[in-house]
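K.L.:
Just dropping this structure here.
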Amino acid sequence: MAQTDILLTKEPAPQTVPACQLPRKLYDVARNTGAHTSSGLATSGFRTAKYLLDEWFQNCYARYHQAFADRDQSERQRHESQQLAAETEALAQRTQQDSTRKVGGRLQDTHGWKSELQRQVEELVSETEQLLAQKQRLERALDATAGPFSIVTDNLQCRDRRQHPDLVRDCVEIELLKEAELIRNIQELLKRTIMQAVSQIRLNREHKETCETDWSDKVEAYNIDEACCRYSSQSTDVQFYPHSATFEESASTPETWAKFTQEHLYRAERERLASVNLRNLIDCILQDTSEDLRLQCDAVNLAFGRRCEELEDARHKLEHHLRKTLREITDQEHNVAALKQAIKDKEAPLKVAQTRLYQRSHRPNVELCRDAAQFRLVSEVEELNLSLAALKEKLLEAEQSLRNLEDTRMSLEKDIAVKTNSLFIDRHKCMAHRAHYPTVLQLAGYQ
């Protein structure tokens, strides 16, 4: 059967010259001119001639053979399908049972690790609470050292207000400086220990959170696997998840899964033991520091007692000398008054003698004679002048002695006042303030 050619046209390709209309092309159409053909033109792509009788029978036989072959093939496929369905059903049941057993075993492993994690979390929580209590003891002990430090600082400042010559570096000041240094060292130690406790508490909580996260993941996984164990072919809440059978790239292996939890448990146990050791260390530190502070406090109090006794004894001796000095001052004042009166008593005889000499100097002419009376009057004046000079010199010595006694009196009174002030500072200021020193329980952080 002949077919006519079909002309397929396309968009003209771009040209460099303007496109123009081409002349129409003529085609020859084939015609049915055979002996057994129909007349007229044939439609393009279809057979227009009639089939032969042999072709009709051949077509029928082909249809019969094709139907028989298809039925035979279908029956064979039905038997194979039934057999395959039975086999796959049995295989699916066996596979599902095995998977259920595997998931059940996984549940036991997960439950075991979950229990270990839960136990470790509870131990960490308990240990952290105990360490927090120790940290509070440290903070209370640190706060309790503020009182002794304030006391010793106030004692040193008060003793700096002592007056000379009592402003000395005595045994009390040495013990107070030791106490101040001891308190500062203890405060630094307590601060470092508090920071160490805070760091340990943070590590405990971090590992607790890590274990809790792992425990939470295992609880979730346990619930998921438990739900998976309850699934069966009769479950109504199952559906298709086509891509669920692919392995995740980040999925762990049983070995890495177990090692992951083992590492968490090992690190948590290590931090718990470190926390226990730190608590024991804190107990020792608080006990030693409180005892050291109380021993140094007793040493300072003993030094204060001895120093107050020394000051009291020195003041008594100074008061005794002051009383004697006051009596001597009184006697010397009487002596000065007597000397002044003696000097005053010599003034009248001197006036008489000098007046006589003056009057006799007015004797006329030869009467101005150096007679015995004249010599005696001159010697009398000289004797009186010598007596007055001696009395005045003695008066000066007595007055100087009196001034020295007054200076001594003032010095003794000032020294007594200084000793009284020192006693007041040491006994009524410092020792009274030290009566408020914290107890051992307070220094150990129990109160």
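Just remember, in the structure tokens the first chain shown is A, the second B, etc., residues are 1-based per chain, and ligands are 1-based in the order shown.
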What's the 8 Å shell around A:Val440, counting only C-alpha atoms, without same-chain residues fewer than 5 positions away, as a list of chain:residue names?
P.N.:
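Result of the neighbour search: A:Ser290, A:Glu291, A:Arg294.
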K.L.:
For the residues in the current selection, export N, CA, C and O atoms as an mmCIF file, in the first residue's frame.
P.N.:
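Dumped everything to result-v9.cif:
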```
data_model
loop_
_atom_site.group_PDB
_atom_site.id
_atom_site.type_symbol
_atom_site.label_atom_id
_atom_site.label_comp_id
_atom_site.auth_asym_id
_atom_site.auth_seq_id
_atom_site.Cartn_x
_atom_site.Cartn_y
_atom_site.Cartn_z
ATOM 1 N N SER A 290 39.032 28.054 111.887
ATOM 2 C CA SER A 290 38.347 28.519 113.102
ATOM 3 C C SER A 290 39.232 28.329 114.330
ATOM 4 O O SER A 290 39.312 29.213 115.197
ATOM 5 N N GLU A 291 39.919 27.197 114.402
ATOM 6 C CA GLU A 291 40.823 26.976 115.538
ATOM 7 C C GLU A 291 41.989 27.962 115.525
ATOM 8 O O GLU A 291 42.380 28.497 116.576
ATOM 9 N N ARG A 294 40.785 31.388 116.739
ATOM 10 C CA ARG A 294 40.547 31.441 118.183
ATOM 11 C C ARG A 294 41.855 31.411 118.963
ATOM 12 O O ARG A 294 42.011 32.113 119.971
#
```
K.L.:
Excluding stretch 260-277 of chain A and residues on its chain fewer than 2 positions from it, collect all residues at most 12 Å away from it, counting only C-alpha atoms, and give them as a PyMOL selection string.
P.N.:
chain A and resi 109-110+112-132+134-135+196-215+217-218+252-258+279-284
K.L.:
Give me the residues near A:Arg427 as a short mmCIF file (atom, residue, chain, number, x, y, z; two decimals) with N, CA and C atoms, in the first residue's frame, where near means some atom within 9 Å (using only C-alpha atoms) and where sequence neighbours in that chain fewer than 4 positions away do not count.
P.N.:
```cif
data_model
loop_
_atom_site.label_atom_id
_atom_site.label_comp_id
_atom_site.auth_asym_id
_atom_site.auth_seq_id
_atom_site.Cartn_x
_atom_site.Cartn_y
_atom_site.Cartn_z
N PHE A 304 47.33 41.66 125.52
CA PHE A 304 46.65 42.85 126.03
C PHE A 304 46.66 42.86 127.56
N GLY A 305 46.39 41.72 128.18
CA GLY A 305 46.39 41.65 129.64
C GLY A 305 47.74 42.00 130.23
N CYS A 308 48.45 45.75 129.76
CA CYS A 308 47.67 46.57 130.69
C CYS A 308 48.29 46.53 132.09
N SER A 422 46.51 55.30 127.34
CA SER A 422 46.86 53.99 126.79
C SER A 422 46.06 52.88 127.46
N LEU A 423 45.92 52.98 128.79
CA LEU A 423 45.10 51.98 129.49
C LEU A 423 43.66 52.03 129.01
N MET A 431 39.98 45.86 124.34
CA MET A 431 39.56 44.61 124.97
C MET A 431 38.04 44.52 125.07
N ALA A 432 37.38 45.66 125.25
CA ALA A 432 35.91 45.62 125.27
C ALA A 432 35.36 45.26 123.90
#
```
K.L.:
Might you pull out every residue within 12 Å of A:Leu386, with only C-alpha atoms counted and same-chain residues fewer than 6 positions away left off, and present them as a ChimeraX atom specification?
P.N.:
/A:343,346,350,379-380,392-393
K.L.:
Go ahead and write the residues just picked, N, CA and C atoms, as a short mmCIF file (atom, residue, chain, number, x, y, z; two decimals), in the first residue's frame.
P.N.:
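Wrote out-v3.cif, looks like this:
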```cif
data_model
loop_
_atom_site.label_atom_id
_atom_site.label_comp_id
_atom_site.auth_asym_id
_atom_site.auth_seq_id
_atom_site.Cartn_x
_atom_site.Cartn_y
_atom_site.Cartn_z
N ILE A 343 66.95 88.66 150.67
CA ILE A 343 67.49 89.71 149.81
C ILE A 343 66.84 91.05 150.12
N LYS A 346 68.27 92.65 153.17
CA LYS A 346 69.59 93.26 153.02
C LYS A 346 69.52 94.61 152.35
N LEU A 350 71.98 98.04 153.34
CA LEU A 350 72.77 98.55 152.22
C LEU A 350 72.45 100.01 151.96
N SER A 379 83.72 98.71 153.63
CA SER A 379 83.71 97.23 153.77
C SER A 379 82.32 96.71 154.02
N GLU A 380 81.52 97.49 154.76
CA GLU A 380 80.13 97.05 155.02
C GLU A 380 79.34 96.96 153.71
N LYS A 392 71.27 86.28 145.69
CA LYS A 392 70.63 86.28 144.37
C LYS A 392 71.04 85.06 143.54
N GLU A 393 72.33 84.68 143.65
CA GLU A 393 72.75 83.47 142.93
C GLU A 393 72.02 82.24 143.44
#
```
K.L.:
Go through A:Leu395, A:Ala390, A:Asp313, A:Arg94 and flag the residue nearest A:Leu339, using only C-alpha atoms for the distances.
P.N.:
A:Leu395
